[in-house]
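Peer 1: Input model-v4.cif, format and content: mmCIF, C-alpha atoms.
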```cif
data_run
loop_
_atom_site.label_atom_id
_atom_site.label_comp_id
_atom_site.auth_asym_id
_atom_site.auth_seq_id
_atom_site.Cartn_x
_atom_site.Cartn_y
_atom_site.Cartn_z
CA MET A 1 38.65 -11.59 -87.97
CA LEU A 2 35.43 -12.80 -89.57
CA ASN A 3 32.37 -10.80 -88.63
CA PRO A 4 30.06 -12.05 -87.31
CA ILE A 5 31.60 -15.22 -85.88
CA GLU A 6 29.40 -18.30 -85.48
CA ILE A 7 29.95 -19.70 -81.99
CA ILE A 8 27.26 -22.34 -82.40
CA PRO A 9 26.43 -22.59 -86.15
CA GLY A 10 23.12 -20.92 -86.88
CA VAL A 11 22.42 -20.33 -83.19
CA ILE A 12 24.91 -18.12 -81.30
CA PHE A 13 26.91 -15.36 -82.98
CA TYR A 14 29.50 -12.85 -81.81
CA SER A 15 29.94 -9.62 -83.75
CA HIS A 16 32.99 -7.40 -83.36
CA LEU A 17 33.82 -4.22 -85.28
CA THR A 18 36.67 -1.76 -84.86
CA ALA A 19 36.00 0.23 -88.04
CA SER A 20 33.82 3.31 -88.34
CA ARG A 21 30.02 3.13 -88.50
CA LYS A 22 28.67 0.30 -90.65
CA GLU A 23 25.17 0.13 -92.13
CA VAL A 24 23.66 -3.10 -93.43
CA ALA A 25 20.28 -4.45 -94.48
CA ALA A 26 19.12 -7.67 -92.89
CA PHE A 27 16.32 -10.20 -93.12
CA LEU A 28 15.56 -11.85 -89.80
CA GLY A 29 13.68 -15.07 -90.36
CA HIS A 30 13.75 -16.17 -86.70
CA SER A 31 13.08 -14.40 -83.43
CA THR A 32 16.44 -13.09 -82.21
CA LEU A 33 17.92 -12.01 -78.88
CA ILE A 34 20.68 -9.37 -78.96
CA LEU A 35 22.95 -8.20 -76.14
CA MET A 36 24.79 -4.92 -76.71
CA VAL A 37 28.23 -5.54 -75.19
CA ASN A 38 29.88 -2.36 -76.41
CA GLY A 39 29.13 0.47 -78.84
CA GLN A 40 25.72 1.34 -80.27
CA LEU A 41 23.24 -0.41 -82.57
CA THR A 42 20.31 1.31 -84.27
CA PHE A 43 17.71 -1.21 -85.43
CA GLU A 44 15.07 0.18 -87.78
CA THR A 45 12.10 -1.42 -89.53
CA SER A 46 9.26 0.24 -91.41
CA SER A 47 7.30 0.62 -88.16
CA GLN A 48 9.89 0.80 -85.36
CA LYS A 49 13.25 2.32 -84.56
CA THR A 50 15.26 1.22 -81.53
CA THR A 51 18.73 2.24 -80.39
CA LEU A 52 20.74 -0.09 -78.16
CA GLN A 53 23.48 1.12 -75.83
CA LYS A 54 25.96 -0.91 -73.78
CA GLY A 55 24.13 -3.46 -71.63
CA ASP A 56 20.80 -3.26 -73.48
CA ILE A 57 18.98 -6.45 -74.50
CA LEU A 58 16.68 -6.47 -77.55
CA LEU A 59 14.22 -9.15 -78.59
CA VAL A 60 13.49 -9.03 -82.33
CA GLY A 61 10.41 -10.71 -83.78
CA LYS A 62 10.68 -13.11 -86.72
CA ASN A 63 10.18 -12.43 -90.44
CA GLN A 64 11.29 -8.81 -90.63
CA LEU A 65 13.37 -6.58 -92.85
CA ALA A 66 15.57 -4.14 -90.99
CA GLN A 67 18.32 -1.57 -91.42
CA LEU A 68 21.17 -1.99 -88.92
CA ARG A 69 23.51 0.88 -88.07
CA LYS A 70 26.53 -0.28 -86.06
CA THR A 71 28.62 2.39 -84.31
CA PRO A 72 31.73 1.63 -82.23
CA SER A 73 32.11 3.23 -78.81
CA ASP A 74 34.48 6.13 -78.13
CA GLU A 75 37.12 3.51 -77.35
CA GLY A 76 36.66 2.16 -80.87
CA SER A 77 34.89 -1.12 -80.14
CA TYR A 78 31.53 -2.53 -81.24
CA GLU A 79 30.48 -5.90 -79.80
CA THR A 80 27.22 -7.84 -79.68
CA ILE A 81 26.15 -11.34 -78.76
CA VAL A 82 23.29 -12.61 -80.93
CA ILE A 83 21.20 -15.67 -80.11
CA ILE A 84 18.85 -17.06 -82.78
CA LEU A 85 15.65 -18.55 -81.40
CA GLN A 86 15.06 -21.03 -84.19
CA GLU A 87 11.40 -21.80 -84.83
CA GLU A 88 12.06 -25.54 -84.93
CA LEU A 89 13.31 -25.41 -81.34
CA LEU A 90 10.45 -23.15 -80.21
CA ARG A 91 7.96 -25.63 -81.68
CA LYS A 92 9.68 -28.44 -79.76
CA ILE A 93 9.54 -26.46 -76.51
CA ALA A 94 5.85 -25.70 -77.08
CA LEU A 95 5.10 -29.41 -77.59
CA GLU A 96 7.17 -30.66 -74.65
CA GLU A 97 5.82 -28.09 -72.20
CA GLN A 98 2.30 -27.95 -73.69
CA ILE A 99 2.49 -24.22 -74.28
CA GLU A 100 -0.58 -22.84 -75.98
CA ILE A 101 -1.33 -19.38 -77.32
CA THR A 102 -4.17 -17.94 -75.28
CA GLU A 103 -4.56 -14.74 -77.27
CA LYS A 104 -3.05 -12.84 -80.16
CA TYR A 105 0.06 -10.86 -79.24
CA ILE A 106 -0.60 -7.13 -79.65
CA GLY A 107 2.58 -5.56 -78.27
CA PRO A 108 5.64 -4.26 -80.16
CA VAL A 109 7.34 -6.83 -82.37
CA ASN A 110 10.78 -5.60 -81.26
CA MET A 111 11.31 -4.68 -77.63
CA LEU A 112 14.00 -3.86 -75.11
CA ILE A 113 13.99 -6.52 -72.39
CA PRO A 114 14.17 -5.21 -68.82
CA SER A 115 17.56 -6.02 -67.34
CA ASN A 116 17.53 -8.18 -64.21
CA ASP A 117 19.88 -10.54 -62.39
CA PHE A 118 18.60 -13.52 -64.36
CA MET A 119 19.13 -11.98 -67.81
CA ARG A 120 22.52 -10.53 -66.86
CA GLY A 121 23.61 -13.87 -65.44
CA TYR A 122 22.40 -15.66 -68.55
CA PHE A 123 24.53 -13.60 -70.92
CA GLN A 124 27.50 -13.88 -68.58
CA SER A 125 27.17 -17.65 -68.97
CA VAL A 126 27.38 -17.24 -72.77
CA ILE A 127 30.69 -15.34 -72.57
CA PRO A 128 32.84 -18.52 -72.27
CA TYR A 129 31.40 -19.73 -75.59
CA VAL A 130 32.65 -16.48 -77.13
CA ARG A 131 36.07 -16.51 -75.45
CA HIS A 132 36.84 -20.12 -76.39
CA GLN A 133 35.87 -20.04 -80.04
CA ASP A 134 38.54 -22.59 -81.04
CA GLU A 135 37.07 -25.29 -78.83
CA LYS A 136 34.43 -27.49 -80.37
CA ILE A 137 31.09 -26.80 -78.73
CA ASN A 138 28.42 -29.20 -79.95
CA ASN A 139 24.96 -28.12 -81.02
CA ALA A 140 23.31 -29.90 -78.08
CA MET A 141 25.12 -27.60 -75.65
CA GLY A 142 24.16 -24.57 -77.74
CA MET A 143 20.50 -25.57 -77.74
CA ILE A 144 20.55 -25.88 -73.96
CA LYS A 145 21.64 -22.24 -73.79
CA VAL A 146 18.88 -21.21 -76.18
CA ARG A 147 16.27 -23.08 -74.11
CA GLU A 148 17.50 -21.31 -71.01
CA GLY A 149 17.22 -17.95 -72.77
CA VAL A 150 13.61 -18.68 -73.80
CA GLN A 151 12.64 -19.66 -70.26
CA LEU A 152 14.19 -16.50 -68.80
CA LEU A 153 12.39 -14.34 -71.37
CA LEU A 154 9.08 -15.88 -70.33
CA HIS A 155 9.98 -15.42 -66.66
CA THR A 156 10.75 -11.74 -67.27
CA LEU A 157 7.78 -11.02 -69.56
CA PRO A 158 5.17 -13.84 -69.54
CA SER A 159 3.18 -12.16 -72.34
CA LEU A 160 6.01 -12.98 -74.75
CA ARG A 161 4.70 -16.54 -75.07
CA ASN A 162 2.08 -15.16 -77.46
CA LEU A 163 4.85 -13.71 -79.62
CA LEU A 164 7.44 -16.50 -79.47
CA PHE A 165 5.03 -19.41 -79.89
CA ASP A 166 2.78 -18.00 -82.59
CA PHE A 167 3.33 -20.41 -85.49
CA SER A 168 0.41 -19.30 -87.61
CA ILE A 169 1.05 -18.83 -91.32
CA HIS A 170 1.13 -15.20 -92.35
CA HIS A 171 -1.65 -14.21 -94.75
CA LYS A 172 -1.10 -12.04 -97.78
CA ILE A 173 -0.47 -8.47 -96.69
CA ASP A 174 -1.01 -5.19 -98.53
CA LEU A 175 1.66 -5.33 -101.24
CA ARG A 176 1.63 -1.62 -102.11
CA LYS A 177 1.92 -0.47 -98.51
CA PHE A 178 4.66 -2.99 -97.72
CA MET A 179 6.83 -2.19 -100.75
CA LEU A 180 6.52 1.58 -100.37
CA SER A 181 7.72 1.18 -96.78
CA ASN A 182 10.58 -1.24 -97.49
CA TYR A 183 11.81 -0.63 -101.07
CA HIS A 184 15.11 0.78 -99.80
CA ILE A 185 16.18 -2.43 -98.04
CA ASN A 186 18.63 -4.51 -100.05
CA VAL A 187 17.37 -8.10 -99.90
CA PRO A 188 16.54 -10.63 -102.65
CA ILE A 189 13.12 -10.54 -104.34
CA GLU A 190 12.44 -13.93 -102.76
CA LYS A 191 12.52 -12.35 -99.29
CA PHE A 192 10.01 -9.67 -100.29
CA ALA A 193 7.74 -12.46 -101.56
CA GLN A 194 8.07 -14.44 -98.34
CA LEU A 195 7.35 -11.45 -96.12
CA THR A 196 4.18 -10.57 -98.03
CA GLY A 197 2.86 -14.13 -97.70
CA ARG A 198 3.31 -15.10 -101.35
CA SER A 199 5.21 -17.57 -103.47
CA LEU A 200 7.75 -15.95 -105.80
CA ALA A 201 5.48 -16.46 -108.81
CA ALA A 202 2.45 -15.01 -106.99
CA PHE A 203 4.52 -12.07 -105.78
CA LYS A 204 5.69 -11.20 -109.29
CA ARG A 205 2.15 -11.53 -110.64
CA ASP A 206 0.57 -9.41 -107.90
CA PHE A 207 3.40 -6.88 -108.08
CA ASN A 208 2.84 -6.33 -111.77
CA LYS A 209 -0.87 -5.78 -111.16
CA VAL A 210 -0.20 -3.21 -108.42
CA PHE A 211 2.75 -1.31 -109.90
CA ASP A 212 2.52 -2.19 -113.60
CA ALA A 213 6.22 -3.12 -113.57
CA ALA A 214 8.52 -6.00 -112.74
CA PRO A 215 9.84 -5.94 -109.14
CA ARG A 216 13.55 -5.46 -109.98
CA HIS A 217 12.88 -2.64 -112.44
CA TRP A 218 10.51 -0.88 -110.06
CA LEU A 219 12.90 -1.18 -107.10
CA LEU A 220 15.81 0.29 -109.03
CA GLU A 221 13.75 3.17 -110.42
CA LYS A 222 12.17 3.90 -107.03
CA ARG A 223 15.53 3.97 -105.26
CA LEU A 224 17.15 6.19 -107.88
CA THR A 225 14.20 8.60 -107.95
CA GLU A 226 14.37 8.92 -104.17
CA ALA A 227 18.14 9.44 -104.41
CA ARG A 228 17.69 12.32 -106.86
CA HIS A 229 15.09 13.90 -104.58
CA LEU A 230 17.42 13.68 -101.57
CA ILE A 231 20.34 15.17 -103.52
CA GLU A 232 18.39 17.96 -105.22
CA LYS A 233 15.89 18.94 -102.53
CA LYS A 234 17.55 17.85 -99.30
CA HIS A 235 21.14 18.56 -100.38
CA LYS A 236 22.35 15.13 -99.29
CA LYS A 237 25.72 13.83 -100.44
CA PRO A 238 25.68 10.62 -102.55
CA SER A 239 28.09 8.99 -100.11
CA ALA A 240 25.63 9.60 -97.27
CA ILE A 241 22.57 8.01 -98.89
CA TYR A 242 23.57 5.13 -101.18
CA LEU A 243 23.58 2.49 -98.41
CA ASP A 244 20.26 3.69 -97.01
CA LEU A 245 18.73 3.22 -100.48
CA GLY A 246 19.85 -0.38 -100.93
CA PHE A 247 22.98 0.04 -103.06
CA GLU A 248 25.95 -2.11 -102.16
CA SER A 249 28.64 0.37 -103.22
CA LEU A 250 29.00 4.02 -104.14
CA SER A 251 30.42 3.12 -107.55
CA HIS A 252 27.42 0.91 -108.38
CA PHE A 253 25.06 3.67 -107.25
CA SER A 254 26.86 6.26 -109.39
CA ARG A 255 26.82 4.06 -112.51
CA THR A 256 23.13 3.26 -112.30
CA PHE A 257 22.26 6.87 -111.45
CA ARG A 258 24.12 8.15 -114.52
CA LYS A 259 22.49 5.49 -116.69
CA MET A 260 19.01 6.60 -115.61
CA PHE A 261 19.44 10.38 -115.45
CA GLY A 262 22.34 10.99 -117.83
CA LYS A 263 24.40 12.65 -115.10
CA ALA A 264 26.50 11.48 -112.21
CA PRO A 265 25.04 12.14 -108.73
CA SER A 266 27.75 14.75 -108.10
CA GLU A 267 26.60 16.69 -111.19
CA ILE A 268 23.01 17.09 -110.01
#
```
Would you write out, as structure tokens, the structure that this file holds?

Peer 2:
Amino acid sequence: MLNPIEIIPGVIFYSHLTASRKEVAAFLGHSTLILMVNGQLTFETSSQKTTLQKGDILLVGKNQLAQLRKTPSDEGSYETIVIILQEELLRKIALEEQIEITEKYIGPVNMLIPSNDFMRGYFQSVIPYVRHQDEKINNAMGMIKVREGVQLLLHTLPSLRNLLFDFSIHHKIDLRKFMLSNYHINVPIEKFAQLTGRSLAAFKRDFNKVFDAAPRHWLLEKRLTEARHLIEKKHKKPSAIYLDLGFESLSHFSRTFRKMFGKAPSEI
């Protein structure tokens, strides 16, 4: 089974795991609504950490890097339903319904949504899309479900309009602070540039000014230095830290570690 499965391409996803805990890095370009059907999900950014249990609903703000830790339940099942609130659709809703931002949103960017009959009923109505994956469901039907989800979010928490409908362009943010908080997340350099409000060329130029190094070289050295610290000082096992530090496999981590320090991680 593919994981996750696209129910409506780019809009509604169903994720199912039966293996042991899985950790992944993710870039979320759009606001996202997640229902925890079974198991546990830990969602962590540089400023927030949230753990979802069965039945929890999480709204995730757009343009974020995050570490996801997926843990099956005691019965061995992990399931989520994920709905992408694409900005193009949110802009259309704002125009059609003349929604205006009255003030800057100052609440948490990621938040657990209070469960009520409306939200529970909404996700129950999405279940048939998941159960009948082989049937062709057109995008128009999918967008109707997304619109409904947006309206129910605003009904539950009206202040969310200032989060969902904020289309302002992000200004350049503090590059040093951002990179020191997120260096361990395994995403392309282009995503780091986007999230700091820069073009790729401007990001590389500013990065070199701040760190006196190219981004890829600095990221690798920073991750390996942190790995050595965790192994030597915190007595962590290489197999327990390589994913958290942005390496895709233990073998890749071990090779690059040996190349930099002259020893394998297990020899430190």

Peer 1: Can you give me, as a PDB file with C-alpha atoms, in the frame of the given file, the residues this file yields under the PyMOL selection byres ((chain A and resi 192) around 10)?

Peer 2:
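Wrote selection_28.pdb, looks like this:
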```
ATOM      1  CA  PHE A  27      16.320 -10.200 -93.120  1.00  0.00           C
ATOM      2  CA  GLN A  64      11.290  -8.810 -90.630  1.00  0.00           C
ATOM      3  CA  LEU A  65      13.370  -6.580 -92.850  1.00  0.00           C
ATOM      4  CA  LEU A 175       1.660  -5.330-101.240  1.00  0.00           C
ATOM      5  CA  PHE A 178       4.660  -2.990 -97.720  1.00  0.00           C
ATOM      6  CA  MET A 179       6.830  -2.190-100.750  1.00  0.00           C
ATOM      7  CA  ASN A 182      10.580  -1.240 -97.490  1.00  0.00           C
ATOM      8  CA  TYR A 183      11.810  -0.630-101.070  1.00  0.00           C
ATOM      9  CA  ILE A 185      16.180  -2.430 -98.040  1.00  0.00           C
ATOM     10  CA  VAL A 187      17.370  -8.100 -99.900  1.00  0.00           C
ATOM     11  CA  PRO A 188      16.540 -10.630-102.650  1.00  0.00           C
ATOM     12  CA  ILE A 189      13.120 -10.540-104.340  1.00  0.00           C
ATOM     13  CA  GLU A 190      12.440 -13.930-102.760  1.00  0.00           C
ATOM     14  CA  LYS A 191      12.520 -12.350 -99.290  1.00  0.00           C
ATOM     15  CA  ALA A 193       7.740 -12.460-101.560  1.00  0.00           C
ATOM     16  CA  GLN A 194       8.070 -14.440 -98.340  1.00  0.00           C
ATOM     17  CA  LEU A 195       7.350 -11.450 -96.120  1.00  0.00           C
ATOM     18  CA  THR A 196       4.180 -10.570 -98.030  1.00  0.00           C
ATOM     19  CA  GLY A 197       2.860 -14.130 -97.700  1.00  0.00           C
ATOM     20  CA  ARG A 198       3.310 -15.100-101.350  1.00  0.00           C
ATOM     21  CA  SER A 199       5.210 -17.570-103.470  1.00  0.00           C
ATOM     22  CA  LEU A 200       7.750 -15.950-105.800  1.00  0.00           C
ATOM     23  CA  PHE A 203       4.520 -12.070-105.780  1.00  0.00           C
ATOM     24  CA  PRO A 215       9.840  -5.940-109.140  1.00  0.00           C
TER      25      PRO A 215
END
```

Peer 1: Which residue gives the smallest distance to A:Leu35 among A:Lys104, A:Lys49, A:Arg205, A:Arg120, with all atoms listed in the file counted?

Peer 2: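 The answer is A:Arg120, which sits nearest to A:Leu35.
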
Peer 1: With all atoms listed in the file as the atoms that count, which of A:Tyr78, A:Phe167, A:Tyr129, A:Phe118 lies nearest to A:Glu148?

Peer 2: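 Going through A:Tyr78, A:Phe167, A:Tyr129, A:Phe118 one by one, the smallest distance to A:Glu148 is for A:Phe118.
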
Peer 1: From the set A:Ile12, A:Ile268, A:Leu219, A:Leu85, which residue has the shortest atom-to-atom contact distance to A:Ile231, counting only C-alpha atoms?

Peer 2: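 Once distances to A:Ile231 are computed over only C-alpha atoms, the minimum belongs to A:Ile268.
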
Peer 1: Excluding A:Ala66 and residues on its chain fewer than 2 positions from it, collect all residues at most 7 Å away from it, counting only C-alpha atoms, and give them as a PyMOL selection string.

Peer 2: chain A and resi 25-27+43-45+64+68

Peer 1: Exactly which residues make up the result of the PyMOL selection byres ((chain A and resi 225) around 12) on this file, given as a ChimeraX atom specification?

Peer 2: /A:183-184,218-224,226-233,245,253,256-258,260-261,265

Peer 1: For the PyMOL selection byres ((chain A and resi 122) around 12), applied here, can you spell out every residue it catches as a list in words?

Peer 2: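 Output from the PyMOL selection byres ((chain A and resi 122) around 12), applied to this file: Leu33, Leu35, Ile57, Ile81, Ile83, Ser115, Asn116, Asp117, Phe118, Met119, Arg120, Gly121, Phe123, Gln124, Ser125, Val126, Ile127, Pro128, Ile144, Lys145, Val146, Arg147, Glu148, Gly149, Val150, Gln151, Leu152 and Leu153 of chain A.
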
Peer 1: Between atom CA of A:Met143 and atom CA of A:Gln86, what distance in Å does the model show, to one decimal?

Peer 2: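 These two atoms are separated by 9.6 Å.
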
Peer 1: Work out how far apart atom CA of A:His235 and atom CA of A:Glu23 are and give it in Å to one decimal.

Peer 2: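 Going from atom CA of A:His235 over to atom CA of A:Glu23, I get 20.6 Å.
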
Peer 1: Using all atoms listed in the file, determine which residues lie at most 12 Å from A:Gly61, disregarding the query and same-chain residues fewer than 5 positions distant; provide the list as a VMD selection string.

Peer 2: chain A and resid 27 to 34 45 48 66 84 to 87 105 107 to 112 160 to 166

Peer 1: Under the rule that only C-alpha atoms are counted, which of A:Lys70, A:His155, A:Lys209, A:Arg255 is the nearest residue to A:Arg176?

Peer 2: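 Closest residue, counting only C-alpha atoms: A:Lys209.
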
Peer 1: One number please: atom CA of A:Leu59 to atom CA of A:Ser73, in Å, one decimal.

Peer 2: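 Interatomic distance here is 21.8 Å.
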